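File shown here: model_29.txt, holding compact mmCIF, C-alpha atoms and all ligand atoms.
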```txt
# COMPACT_ATOMS: atom_id res chain seq x y z
CA MET A 672 52.52 85.60 205.60
CA ASP A 673 49.78 83.27 206.79
CA VAL A 674 51.18 79.92 207.90
CA SER A 675 47.88 78.87 209.45
CA LEU A 676 45.03 77.17 207.59
CA ASN A 677 42.32 79.30 209.18
CA ASN A 678 39.19 79.53 206.98
CA LYS A 679 40.46 76.79 204.66
CA VAL A 680 38.51 73.65 203.82
CA ALA A 681 40.61 70.53 203.16
CA VAL A 682 39.47 67.21 201.70
CA ILE A 683 41.75 64.26 202.48
CA THR A 684 41.27 60.95 200.71
CA GLY A 685 42.66 58.08 202.73
CA GLY A 686 42.03 60.29 205.76
CA SER A 687 40.77 57.65 208.19
CA ARG A 688 44.18 56.26 209.17
CA GLY A 689 47.94 56.33 208.65
CA ILE A 690 49.45 59.25 206.77
CA GLY A 691 46.04 60.73 205.82
CA GLU A 692 44.93 60.72 209.46
CA ALA A 693 48.13 62.50 210.54
CA ILE A 694 47.60 65.12 207.81
CA ALA A 695 43.98 65.60 208.94
CA GLU A 696 45.15 66.12 212.51
CA ILE A 697 47.84 68.71 211.75
CA PHE A 698 45.51 70.56 209.35
CA ALA A 699 42.76 70.69 212.01
CA GLN A 700 45.30 71.85 214.61
CA SER A 701 46.30 74.60 212.15
CA GLY A 702 42.74 75.88 211.86
CA ALA A 703 41.39 74.08 208.78
CA THR A 704 37.99 72.49 208.43
CA VAL A 705 38.70 68.93 207.30
CA VAL A 706 36.64 66.36 205.38
CA LEU A 707 37.95 62.80 205.66
CA VAL A 708 37.22 60.40 202.80
CA SER A 709 37.68 56.62 202.85
CA ARG A 710 35.52 53.53 202.48
CA LYS A 711 34.78 52.28 206.01
CA PRO A 712 32.40 54.55 207.97
CA GLU A 713 33.35 53.07 211.37
CA ASN A 714 36.98 54.17 210.95
CA LEU A 715 35.91 57.61 209.71
CA VAL A 716 33.63 58.14 212.72
CA ALA A 717 36.38 57.11 215.15
CA THR A 718 39.10 59.23 213.53
CA ALA A 719 36.90 62.34 213.22
CA LYS A 720 35.86 61.98 216.89
CA ARG A 721 39.44 61.50 218.08
CA ILE A 722 40.77 64.54 216.22
CA ASN A 723 37.81 66.77 217.17
CA GLU A 724 38.35 65.87 220.82
CA SER A 725 42.08 66.49 220.65
CA VAL A 726 41.62 69.88 218.93
CA GLY A 727 38.79 70.74 221.32
CA VAL A 728 36.42 72.02 218.61
CA LYS A 729 34.49 70.25 215.85
CA ARG A 730 36.63 70.79 212.75
CA VAL A 731 36.52 67.32 211.15
CA GLY A 732 33.67 65.75 209.18
CA TRP A 733 33.64 62.80 206.81
CA VAL A 734 32.08 61.18 203.74
CA ALA A 735 32.39 57.44 203.12
CA ALA A 736 33.41 56.87 199.49
CA ASN A 737 35.60 54.76 197.28
CA VAL A 738 37.95 57.12 195.40
CA SER A 739 37.50 55.16 192.19
CA ASP A 740 33.73 55.69 192.23
CA PRO A 741 32.61 58.87 190.38
CA MET A 742 29.43 58.92 192.53
CA GLY A 743 31.62 59.08 195.65
CA LEU A 744 33.41 62.11 194.22
CA GLU A 745 30.06 63.78 193.47
CA GLN A 746 28.91 63.11 197.04
CA VAL A 747 32.03 64.76 198.47
CA ILE A 748 31.69 67.78 196.15
CA SER A 749 28.00 68.20 197.13
CA TYR A 750 28.85 67.81 200.82
CA CYS A 751 31.54 70.52 200.72
CA LYS A 752 29.30 72.81 198.67
CA SER A 753 26.33 72.54 201.00
CA GLU A 754 28.35 72.62 204.26
CA TYR A 755 31.14 75.08 203.41
CA GLY A 756 30.57 76.47 199.90
CA PHE A 757 34.15 75.74 198.77
CA ALA A 758 37.18 73.45 199.14
CA HIS A 759 40.68 74.97 199.09
CA ILE A 760 42.89 71.91 199.62
CA LEU A 761 42.71 68.43 198.14
CA VAL A 762 45.03 65.72 199.45
CA ASN A 763 45.01 62.62 197.27
CA GLY A 764 46.22 60.06 199.80
CA ALA A 765 44.27 56.85 199.18
CA ALA A 766 46.17 54.06 197.43
CA ALA A 767 45.98 50.35 196.76
CA ASN A 768 48.53 47.60 196.35
CA PRO A 769 46.79 44.23 196.00
CA TYR A 770 49.84 42.40 194.62
CA TYR A 771 53.37 41.39 195.67
CA GLY A 772 55.50 39.84 192.95
CA SER A 773 57.20 40.43 189.66
CA THR A 774 55.76 42.93 187.20
CA VAL A 775 55.72 40.47 184.30
CA ASP A 776 53.51 38.05 186.27
CA ILE A 777 50.91 40.48 187.61
CA GLU A 778 47.27 39.68 186.74
CA ARG A 779 45.12 42.08 184.72
CA SER A 780 42.72 42.63 187.62
CA ALA A 781 45.60 43.80 189.88
CA VAL A 782 47.00 46.06 187.13
CA ARG A 783 43.57 47.67 186.71
CA LYS A 784 42.98 48.10 190.45
CA ILE A 785 46.40 49.73 191.04
CA LEU A 786 46.00 52.15 188.15
CA GLU A 787 42.37 52.89 188.99
CA VAL A 788 43.02 53.87 192.64
CA ASN A 789 46.57 55.25 192.53
CA LEU A 790 46.45 57.19 189.26
CA GLU A 791 43.05 57.44 187.57
CA ALA A 792 41.28 58.47 190.80
CA VAL A 793 43.80 61.27 191.42
CA GLN A 794 43.14 62.67 187.94
CA MET A 795 39.37 62.26 188.45
CA TRP A 796 39.30 63.96 191.89
CA THR A 797 41.54 66.83 190.82
CA SER A 798 39.47 67.33 187.70
CA GLY A 799 36.23 67.21 189.75
CA PHE A 800 37.49 69.84 192.20
CA TRP A 801 38.77 71.99 189.34
CA SER A 802 35.36 72.01 187.63
CA ALA A 803 33.33 72.37 190.82
CA TYR A 804 35.40 74.96 192.70
CA TRP A 805 38.67 76.18 191.29
CA LYS A 806 38.16 76.94 187.60
CA ASP A 807 35.89 79.94 188.13
CA SER A 808 37.21 81.14 191.48
CA THR A 809 39.71 83.86 192.34
CA GLU A 810 40.65 81.98 195.55
CA HIS A 811 43.94 80.10 195.54
CA ALA A 812 43.80 76.35 196.00
CA THR A 813 46.33 73.59 196.45
CA CYS A 814 46.49 69.91 195.67
CA ILE A 815 48.89 67.48 197.38
CA ASN A 816 49.43 64.00 195.98
CA ILE A 817 50.96 61.28 198.15
CA ALA A 818 53.36 59.46 195.84
CA SER A 819 56.30 57.30 197.02
CA ILE A 820 60.07 57.05 196.64
CA GLY A 821 59.13 53.76 194.96
CA GLY A 822 58.17 55.91 191.99
CA MET A 823 61.84 56.90 191.64
CA ILE A 824 63.61 53.55 192.09
CA VAL A 825 63.45 49.89 191.06
CA GLU A 826 62.41 47.43 193.78
CA GLU A 827 61.46 43.78 194.06
CA GLY A 828 57.87 42.77 194.75
CA ILE A 829 56.12 46.12 194.50
CA GLY A 830 57.31 47.03 191.01
CA PHE A 831 53.91 47.73 189.48
CA TYR A 832 52.72 49.76 192.47
CA ASN A 833 55.92 51.79 191.97
CA VAL A 834 55.03 52.28 188.31
CA SER A 835 51.74 53.85 189.40
CA LYS A 836 53.62 56.17 191.79
CA ALA A 837 56.07 57.18 189.04
CA GLY A 838 53.00 58.05 186.97
CA LEU A 839 51.61 60.04 189.89
CA ILE A 840 54.81 62.10 190.18
CA HIS A 841 54.50 62.99 186.51
CA LEU A 842 50.72 63.57 186.75
CA THR A 843 51.54 66.09 189.49
CA ARG A 844 53.89 67.99 187.16
CA GLN A 845 51.41 67.95 184.29
CA LEU A 846 48.52 69.19 186.46
CA ALA A 847 50.76 71.83 188.04
CA ASN A 848 51.38 73.21 184.57
CA GLU A 849 47.74 73.08 183.49
CA LEU A 850 46.14 74.47 186.67
CA ALA A 851 48.58 77.33 187.38
CA PRO A 852 48.39 80.01 188.61
CA ARG A 853 45.17 79.32 190.52
CA VAL A 854 46.02 75.89 191.87
CA ARG A 855 49.41 74.71 193.10
CA VAL A 856 49.93 70.96 192.65
CA ASN A 857 52.79 69.15 194.44
CA SER A 858 53.57 65.64 195.57
CA ILE A 859 55.27 64.09 198.58
CA SER A 860 57.26 60.88 198.17
CA PRO A 861 57.57 59.09 201.50
CA GLY A 862 60.01 56.31 202.23
CA LEU A 863 58.90 53.51 204.56
CA VAL A 864 56.37 54.83 207.10
CA ARG A 865 54.92 52.87 210.02
CA THR A 866 51.28 52.45 208.88
CA GLU A 867 48.90 49.56 208.23
CA PHE A 868 49.63 49.80 204.49
CA ALA A 869 53.30 48.93 204.95
CA ARG A 870 52.96 46.65 207.99
CA ALA A 871 54.48 43.59 206.30
CA LEU A 872 57.56 45.62 205.35
CA TRP A 873 58.30 47.26 208.71
CA GLU A 874 57.35 44.21 210.77
CA ASN A 875 59.72 41.98 208.81
CA TRP A 876 62.52 44.36 207.86
CA GLY A 877 61.97 47.53 209.94
CA ASP A 878 65.08 47.22 212.13
CA HIS A 879 67.31 46.26 209.23
CA LEU A 880 65.95 49.14 207.18
CA ALA A 881 66.24 51.65 210.01
CA ASN A 882 69.90 50.73 210.46
CA SER A 883 70.54 51.25 206.77
CA LEU A 884 69.00 54.73 206.69
CA PRO A 885 71.20 57.83 207.09
CA LEU A 886 68.70 59.21 209.62
CA GLY A 887 68.60 55.89 211.50
CA ARG A 888 64.85 55.23 211.76
CA ILE A 889 61.84 54.47 209.60
CA GLY A 890 59.19 57.15 209.19
CA GLU A 891 56.16 57.98 211.31
CA PRO A 892 52.97 59.48 209.79
CA SER A 893 53.79 62.83 211.46
CA ASP A 894 57.05 63.03 209.45
CA ILE A 895 54.88 63.27 206.34
CA SER A 896 52.05 65.41 207.74
CA LYS A 897 54.44 68.24 208.66
CA VAL A 898 55.56 68.46 205.03
CA ALA A 899 51.93 68.34 203.86
CA LEU A 900 51.23 71.35 206.11
CA PHE A 901 54.15 73.21 204.52
CA LEU A 902 52.75 72.46 201.03
CA ALA A 903 49.22 73.48 202.05
CA CYS A 904 50.09 76.89 203.51
CA ASP A 905 51.63 80.12 202.21
CA LEU A 906 55.17 79.03 203.16
CA SER A 907 55.27 77.10 199.87
CA GLY A 908 53.40 79.80 197.92
CA TRP A 909 55.93 79.86 195.05
CA MET A 910 56.16 76.07 194.66
CA THR A 911 54.25 74.00 192.17
CA GLY A 912 55.02 70.78 190.27
CA THR A 913 57.57 69.67 192.88
CA ASN A 914 57.99 66.22 194.40
CA ILE A 915 59.31 66.40 197.96
CA VAL A 916 61.15 63.28 199.11
CA VAL A 917 60.66 62.52 202.83
CA ASP A 918 62.49 59.25 203.39
CA GLY A 919 65.03 59.46 206.22
CA GLY A 920 67.73 59.56 203.55
CA ALA A 921 66.79 56.27 201.85
CA LEU A 922 67.61 57.64 198.41
CA VAL A 923 71.05 58.85 199.49
CA ARG A 924 72.27 55.64 201.14
CA SER A 925 75.82 54.81 200.14
CA THR A 926 76.59 51.71 198.14
CA SER A 927 79.19 49.41 199.63
CA PHE A 928 81.50 47.50 197.25
CA SER A 929 83.06 45.31 199.93
N1 LIG B 1001 53.26 53.67 204.54
C1 LIG B 1001 54.29 53.77 203.71
O1 LIG B 1001 55.39 53.23 203.95
C2 LIG B 1001 54.13 54.56 202.45
C3 LIG B 1001 55.28 54.82 201.71
C4 LIG B 1001 55.18 55.56 200.53
C5 LIG B 1001 53.96 56.03 200.13
N2 LIG B 1001 52.82 55.76 200.86
C6 LIG B 1001 51.55 56.28 200.38
O2 LIG B 1001 50.92 57.01 201.43
C7 LIG B 1001 49.52 57.02 201.20
C8 LIG B 1001 48.80 56.65 202.49
O3 LIG B 1001 49.20 55.35 202.87
P1 LIG B 1001 49.24 54.85 204.38
O4 LIG B 1001 50.53 54.18 204.55
O5 LIG B 1001 48.83 55.94 205.29
O6 LIG B 1001 48.11 53.72 204.29
P2 LIG B 1001 46.99 53.23 205.33
O7 LIG B 1001 47.38 53.49 206.74
O8 LIG B 1001 46.67 51.84 204.91
O9 LIG B 1001 45.75 54.17 204.99
C9 LIG B 1001 45.15 54.09 203.73
C10 LIG B 1001 43.91 54.95 203.73
O10 LIG B 1001 43.32 54.95 202.43
C11 LIG B 1001 41.96 54.52 202.50
N3 LIG B 1001 41.66 53.86 201.24
C12 LIG B 1001 42.27 52.78 200.69
N4 LIG B 1001 41.71 52.48 199.51
C13 LIG B 1001 40.72 53.39 199.30
C14 LIG B 1001 39.78 53.61 198.27
N5 LIG B 1001 39.72 52.82 197.18
N6 LIG B 1001 38.91 54.64 198.38
C15 LIG B 1001 38.95 55.45 199.46
N7 LIG B 1001 39.81 55.29 200.47
C16 LIG B 1001 40.69 54.27 200.39
C17 LIG B 1001 41.93 53.63 203.77
O11 LIG B 1001 40.64 53.52 204.35
P3 LIG B 1001 39.56 52.39 203.89
O12 LIG B 1001 40.29 51.09 203.85
O13 LIG B 1001 38.49 52.45 204.93
O14 LIG B 1001 39.06 52.82 202.55
C18 LIG B 1001 42.83 54.46 204.68
O15 LIG B 1001 42.14 55.59 205.17
C19 LIG B 1001 49.27 56.06 200.04
O16 LIG B 1001 49.12 56.81 198.86
C20 LIG B 1001 50.54 55.23 199.97
O17 LIG B 1001 50.79 54.75 198.67
C21 LIG B 1001 52.89 55.03 202.02
```
In structure tokens, write the structure found in this file.
Amino acid sequence: MDVSLNNKVAVITGGSRGIGEAIAEIFAQSGATVVLVSRKPENLVATAKRINESVGVKRVGWVAANVSDPMGLEQVISYCKSEYGFAHILVNGAAANPYYGSTVDIERSAVRKILEVNLEAVQMWTSGFWSAYWKDSTEHATCINIASIGGMIVEEGIGFYNVSKAGLIHLTRQLANELAPRVRVNSISPGLVRTEFARALWENWGDHLANSLPLGRIGEPSDISKVALFLACDLSGWMTGTNIVVDGGALVRSTSFS
């Protein structure tokens, strides 16, 4: 059984920081060639340089693109084709949440943005990779979607973002069915992780939340990247359509009636 990612090419959207950066790092450490995708070139350059230096060999490249732009997808597909000829792993990690408030009051523009980045782009990128690489290949490929435990519960403030993540968990199942047996499609649902994306949550309520969690701390990006590595390699070779919760026990907290 091969638990390394030697000779694999992985594309990671949202790869310039946070959870995507941690996944890029562990994939590169495991032998993969990695292509980071996000919008700001300066962050991509810095992250690629940092990981290449830490691995000690140039394994990480990048393409600046907005995941909701079909031209960006085409650029990434062309880049992987010309540089490596194939892409075996797609991590859909980029997400947006431009709104905090009740779901009945959300503006149309925020609804569209959330669905466009968190759901439509995942379908578009998976479909693009399927057509460009996977459909006519005998090589096995895998797709990992970063969802959220928010997609499984009801919460204040981020309700519509959570709706998009619930959709992503189901999109994962649907694609797993349609793309089998060539492509395995799974999702990871993190709880609160210490990244820029969730800064307002962990800065304001991190200690309180950590104390309420069965495992006693909020998550770090490496808690998620280790599970992404498991889903990317042969250890999970008979898994598709699953949603792995990685949340320090948030979903199994006990309810107190006192
Ligand atoms: N942190 C948490 O507590 C938590 C919990 C559950 C789920 N998640 C999920 O985990 C994933 C990663 O989040 P994170 O916490 O690591 O966030 P983060 O640290 O803010 O990183 C987000 C990444 O996505 C990129 N990005 C954002 N919008 C993009 C777009 N339209 N096109 C291309 N790239 C885009 C960002 O770079 P640019 O800004 O340069 O584009 C950055 O690389 C997301 O799907 C999020 O929903 C996070």
Centre, x/y/z edge lengths, axis-aligned box for ligand LIG 1001 (chain B) with 4 Å per side, as lines of an AutoDock Vina configuration file:
```
center_x = 46.9
center_y = 54.1
center_z = 202.0
size_x = 24.9
size_y = 13.9
size_z = 17.6
```
Give as an MDAnalysis selection string the residues surrounding ligand LIG 1001 (chain B) up to a distance of 8 Å, considering all atoms listed in the file. chainID A and resid 684:692 708:712 714:715 735:739 763:768 788:789 816:821 836 860:870 890 892
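Shell of A:Lys720 at 12 Å, with all atoms listed in the file counted and residues fewer than 6 places along the chain excluded, is Ser687, Glu692, Ala695, Glu696, Leu707, Glu713, Asn714, Val726, Gly727, Val728, Lys729, Arg730, Val731, Gly732 and Trp733 of chain A.
We find atom CA of A:Arg888 and atom CA of A:Ile859 to be spaced 18.5 Å apart.
Excluding A:Asp673 itself and any same-chain residue fewer than 5 positions from it, the protein and nucleic acid residues within 8 Å of it, counting all atoms listed in the file, are Cys904, Asp905 and Leu906 of chain A.
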Selected residues, C-alpha atoms, written as a PDB file, keeping the file's coordinate frame, please.
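Final output, saved to result.pdb:
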```pdb
ATOM      1  CA  CYS A 904      50.090  76.890 203.510  1.00  0.00           C
ATOM      2  CA  ASP A 905      51.630  80.120 202.210  1.00  0.00           C
ATOM      3  CA  LEU A 906      55.170  79.030 203.160  1.00  0.00           C
TER       4      LEU A 906
END
```
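Comparing the minimum interatomic distances between A:Glu849 and each of A:Ser896, A:Tyr755, A:Glu724, A:Thr797, counting only C-alpha atoms, we find that A:Thr797 sits nearest.
Nearest-residue note for A:Asp894: choosing from A:Val706, A:Ile697, A:Val856, A:Ala921, the minimum distance belongs to A:Ile697, counting all atoms listed in the file.
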Provide the atom CA of A:Asn914 to atom CA of A:Ile694 distance in Å, to one decimal place. 17.0 Å
So what do you get for atom CA of A:Ile840 versus atom CA of A:Gln700, distance-wise? 28.0 Å
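Each of A:Trp796, A:Trp801, A:Tyr832, A:Tyr750 was compared to A:Val782 using all atoms listed in the file, and A:Tyr832 turns out to be the nearest.
Distances from A:Asn848, A:Ala837, A:Leu902, A:Ile785 to A:Val825 were compared using all atoms listed in the file, and the smallest one belongs to A:Ala837.
Between A:Ile815 and the residues A:Gly912, A:Gly828, A:Gly920, A:Gly838, the shortest atom-to-atom distance, using all atoms listed in the file, involves A:Gly912.
The shell of residues at most 8 Å from A:Arg853, with all atoms listed in the file counted and near chain neighbours (fewer than 3 positions) removed, consists of Trp805, Lys806, Thr809, Glu810, His811, Ala812 and Leu850 of chain A.
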Have a look at A:Thr774, A:Ser753, A:Asn677, A:Ser883 and name the one nearest to A:Ser927; count only C-alpha atoms. A:Ser883
Will you give me stretch 786-798 of chain A, written with all heavy atoms and laid out as a PDB file, in the first residue's frame?
```pdb
ATOM      1  N   LEU A 786     -23.002  31.390  -2.758  1.00  0.00           N
ATOM      2  CA  LEU A 786     -23.279  30.196  -3.569  1.00  0.00           C
ATOM      3  C   LEU A 786     -22.269  30.034  -4.695  1.00  0.00           C
ATOM      4  O   LEU A 786     -21.848  28.923  -5.023  1.00  0.00           O
ATOM      5  CB  LEU A 786     -24.709  30.266  -4.141  1.00  0.00           C
ATOM      6  CG  LEU A 786     -25.824  30.154  -3.095  1.00  0.00           C
ATOM      7  CD1 LEU A 786     -27.192  30.260  -3.759  1.00  0.00           C
ATOM      8  CD2 LEU A 786     -25.727  28.853  -2.297  1.00  0.00           C
ATOM      9  N   GLU A 787     -21.862  31.171  -5.265  1.00  0.00           N
ATOM     10  CA  GLU A 787     -20.923  31.148  -6.396  1.00  0.00           C
ATOM     11  C   GLU A 787     -19.571  30.537  -5.989  1.00  0.00           C
ATOM     12  O   GLU A 787     -19.024  29.688  -6.686  1.00  0.00           O
ATOM     13  CB  GLU A 787     -20.711  32.592  -6.851  1.00  0.00           C
ATOM     14  CG  GLU A 787     -20.138  32.760  -8.230  1.00  0.00           C
ATOM     15  CD  GLU A 787     -20.075  34.230  -8.606  1.00  0.00           C
ATOM     16  OE1 GLU A 787     -19.460  35.020  -7.863  1.00  0.00           O
ATOM     17  OE2 GLU A 787     -20.667  34.597  -9.632  1.00  0.00           O
ATOM     18  N   VAL A 788     -19.039  30.992  -4.836  1.00  0.00           N
ATOM     19  CA  VAL A 788     -17.693  30.539  -4.423  1.00  0.00           C
ATOM     20  C   VAL A 788     -17.758  29.179  -3.717  1.00  0.00           C
ATOM     21  O   VAL A 788     -16.950  28.292  -3.993  1.00  0.00           O
ATOM     22  CB  VAL A 788     -17.021  31.597  -3.504  1.00  0.00           C
ATOM     23  CG1 VAL A 788     -15.659  31.097  -3.024  1.00  0.00           C
ATOM     24  CG2 VAL A 788     -16.891  32.923  -4.232  1.00  0.00           C
ATOM     25  N   ASN A 789     -18.718  29.001  -2.825  1.00  0.00           N
ATOM     26  CA  ASN A 789     -18.712  27.819  -1.952  1.00  0.00           C
ATOM     27  C   ASN A 789     -19.315  26.575  -2.599  1.00  0.00           C
ATOM     28  O   ASN A 789     -19.026  25.460  -2.176  1.00  0.00           O
ATOM     29  CB  ASN A 789     -19.471  28.107  -0.656  1.00  0.00           C
ATOM     30  CG  ASN A 789     -18.862  29.259   0.129  1.00  0.00           C
ATOM     31  OD1 ASN A 789     -17.908  29.891  -0.324  1.00  0.00           O
ATOM     32  ND2 ASN A 789     -19.425  29.561   1.281  1.00  0.00           N
ATOM     33  N   LEU A 790     -20.160  26.787  -3.620  1.00  0.00           N
ATOM     34  CA  LEU A 790     -20.886  25.642  -4.186  1.00  0.00           C
ATOM     35  C   LEU A 790     -20.696  25.538  -5.698  1.00  0.00           C
ATOM     36  O   LEU A 790     -20.206  24.532  -6.201  1.00  0.00           O
ATOM     37  CB  LEU A 790     -22.366  25.818  -3.845  1.00  0.00           C
ATOM     38  CG  LEU A 790     -23.237  24.588  -3.722  1.00  0.00           C
ATOM     39  CD1 LEU A 790     -22.583  23.489  -2.902  1.00  0.00           C
ATOM     40  CD2 LEU A 790     -24.578  24.976  -3.101  1.00  0.00           C
ATOM     41  N   GLU A 791     -21.048  26.621  -6.407  1.00  0.00           N
ATOM     42  CA  GLU A 791     -20.974  26.573  -7.876  1.00  0.00           C
ATOM     43  C   GLU A 791     -19.532  26.327  -8.337  1.00  0.00           C
ATOM     44  O   GLU A 791     -19.289  25.539  -9.253  1.00  0.00           O
ATOM     45  CB  GLU A 791     -21.505  27.893  -8.442  1.00  0.00           C
ATOM     46  CG  GLU A 791     -21.681  27.868  -9.936  1.00  0.00           C
ATOM     47  CD  GLU A 791     -22.120  29.229 -10.479  1.00  0.00           C
ATOM     48  OE1 GLU A 791     -22.657  30.051  -9.714  1.00  0.00           O
ATOM     49  OE2 GLU A 791     -21.898  29.450 -11.677  1.00  0.00           O
ATOM     50  N   ALA A 792     -18.579  27.009  -7.698  1.00  0.00           N
ATOM     51  CA  ALA A 792     -17.175  26.852  -8.121  1.00  0.00           C
ATOM     52  C   ALA A 792     -16.693  25.421  -7.907  1.00  0.00           C
ATOM     53  O   ALA A 792     -15.929  24.896  -8.723  1.00  0.00           O
ATOM     54  CB  ALA A 792     -16.282  27.835  -7.365  1.00  0.00           C
ATOM     55  N   VAL A 793     -17.145  24.775  -6.845  1.00  0.00           N
ATOM     56  CA  VAL A 793     -16.709  23.388  -6.588  1.00  0.00           C
ATOM     57  C   VAL A 793     -17.221  22.474  -7.708  1.00  0.00           C
ATOM     58  O   VAL A 793     -16.491  21.622  -8.229  1.00  0.00           O
ATOM     59  CB  VAL A 793     -17.195  22.902  -5.202  1.00  0.00           C
ATOM     60  CG1 VAL A 793     -16.835  21.434  -5.000  1.00  0.00           C
ATOM     61  CG2 VAL A 793     -16.606  23.768  -4.098  1.00  0.00           C
ATOM     62  N   GLN A 794     -18.480  22.675  -8.090  1.00  0.00           N
ATOM     63  CA  GLN A 794     -19.028  21.884  -9.208  1.00  0.00           C
ATOM     64  C   GLN A 794     -18.237  22.181 -10.484  1.00  0.00           C
ATOM     65  O   GLN A 794     -17.861  21.268 -11.227  1.00  0.00           O
ATOM     66  CB  GLN A 794     -20.525  22.212  -9.384  1.00  0.00           C
ATOM     67  CG  GLN A 794     -21.244  21.356 -10.406  1.00  0.00           C
ATOM     68  CD  GLN A 794     -21.016  21.817 -11.842  1.00  0.00           C
ATOM     69  OE1 GLN A 794     -20.699  22.966 -12.096  1.00  0.00           O
ATOM     70  NE2 GLN A 794     -21.152  20.885 -12.777  1.00  0.00           N
ATOM     71  N   MET A 795     -17.955  23.482 -10.717  1.00  0.00           N
ATOM     72  CA  MET A 795     -17.275  23.888 -11.957  1.00  0.00           C
ATOM     73  C   MET A 795     -15.851  23.316 -12.018  1.00  0.00           C
ATOM     74  O   MET A 795     -15.428  22.798 -13.046  1.00  0.00           O
ATOM     75  CB  MET A 795     -17.244  25.418 -12.038  1.00  0.00           C
ATOM     76  CG  MET A 795     -16.600  25.951 -13.291  1.00  0.00           C
ATOM     77  SD  MET A 795     -16.788  27.742 -13.421  1.00  0.00           S
ATOM     78  CE  MET A 795     -15.454  28.324 -12.382  1.00  0.00           C
ATOM     79  N   TRP A 796     -15.112  23.382 -10.905  1.00  0.00           N
ATOM     80  CA  TRP A 796     -13.724  22.896 -10.905  1.00  0.00           C
ATOM     81  C   TRP A 796     -13.676  21.370 -11.024  1.00  0.00           C
ATOM     82  O   TRP A 796     -12.852  20.817 -11.744  1.00  0.00           O
ATOM     83  CB  TRP A 796     -12.969  23.382  -9.652  1.00  0.00           C
ATOM     84  CG  TRP A 796     -12.550  24.800  -9.828  1.00  0.00           C
ATOM     85  CD1 TRP A 796     -13.365  25.889  -9.946  1.00  0.00           C
ATOM     86  CD2 TRP A 796     -11.208  25.296  -9.979  1.00  0.00           C
ATOM     87  NE1 TRP A 796     -12.622  27.024 -10.149  1.00  0.00           N
ATOM     88  CE2 TRP A 796     -11.303  26.692 -10.170  1.00  0.00           C
ATOM     89  CE3 TRP A 796      -9.957  24.705  -9.962  1.00  0.00           C
ATOM     90  CZ2 TRP A 796     -10.170  27.502 -10.347  1.00  0.00           C
ATOM     91  CZ3 TRP A 796      -8.822  25.510 -10.135  1.00  0.00           C
ATOM     92  CH2 TRP A 796      -8.935  26.881 -10.325  1.00  0.00           C
ATOM     93  N   THR A 797     -14.589  20.693 -10.345  1.00  0.00           N
ATOM     94  CA  THR A 797     -14.601  19.229 -10.426  1.00  0.00           C
ATOM     95  C   THR A 797     -14.961  18.804 -11.845  1.00  0.00           C
ATOM     96  O   THR A 797     -14.334  17.906 -12.430  1.00  0.00           O
ATOM     97  CB  THR A 797     -15.598  18.644  -9.407  1.00  0.00           C
ATOM     98  OG1 THR A 797     -15.355  19.253  -8.138  1.00  0.00           O
ATOM     99  CG2 THR A 797     -15.454  17.137  -9.281  1.00  0.00           C
ATOM    100  N   SER A 798     -15.941  19.480 -12.409  1.00  0.00           N
ATOM    101  CA  SER A 798     -16.358  19.180 -13.768  1.00  0.00           C
ATOM    102  C   SER A 798     -15.218  19.468 -14.760  1.00  0.00           C
ATOM    103  O   SER A 798     -14.958  18.678 -15.680  1.00  0.00           O
ATOM    104  CB  SER A 798     -17.590  20.045 -14.066  1.00  0.00           C
ATOM    105  OG  SER A 798     -17.911  19.997 -15.392  1.00  0.00           O
TER     106      SER A 798
END
```
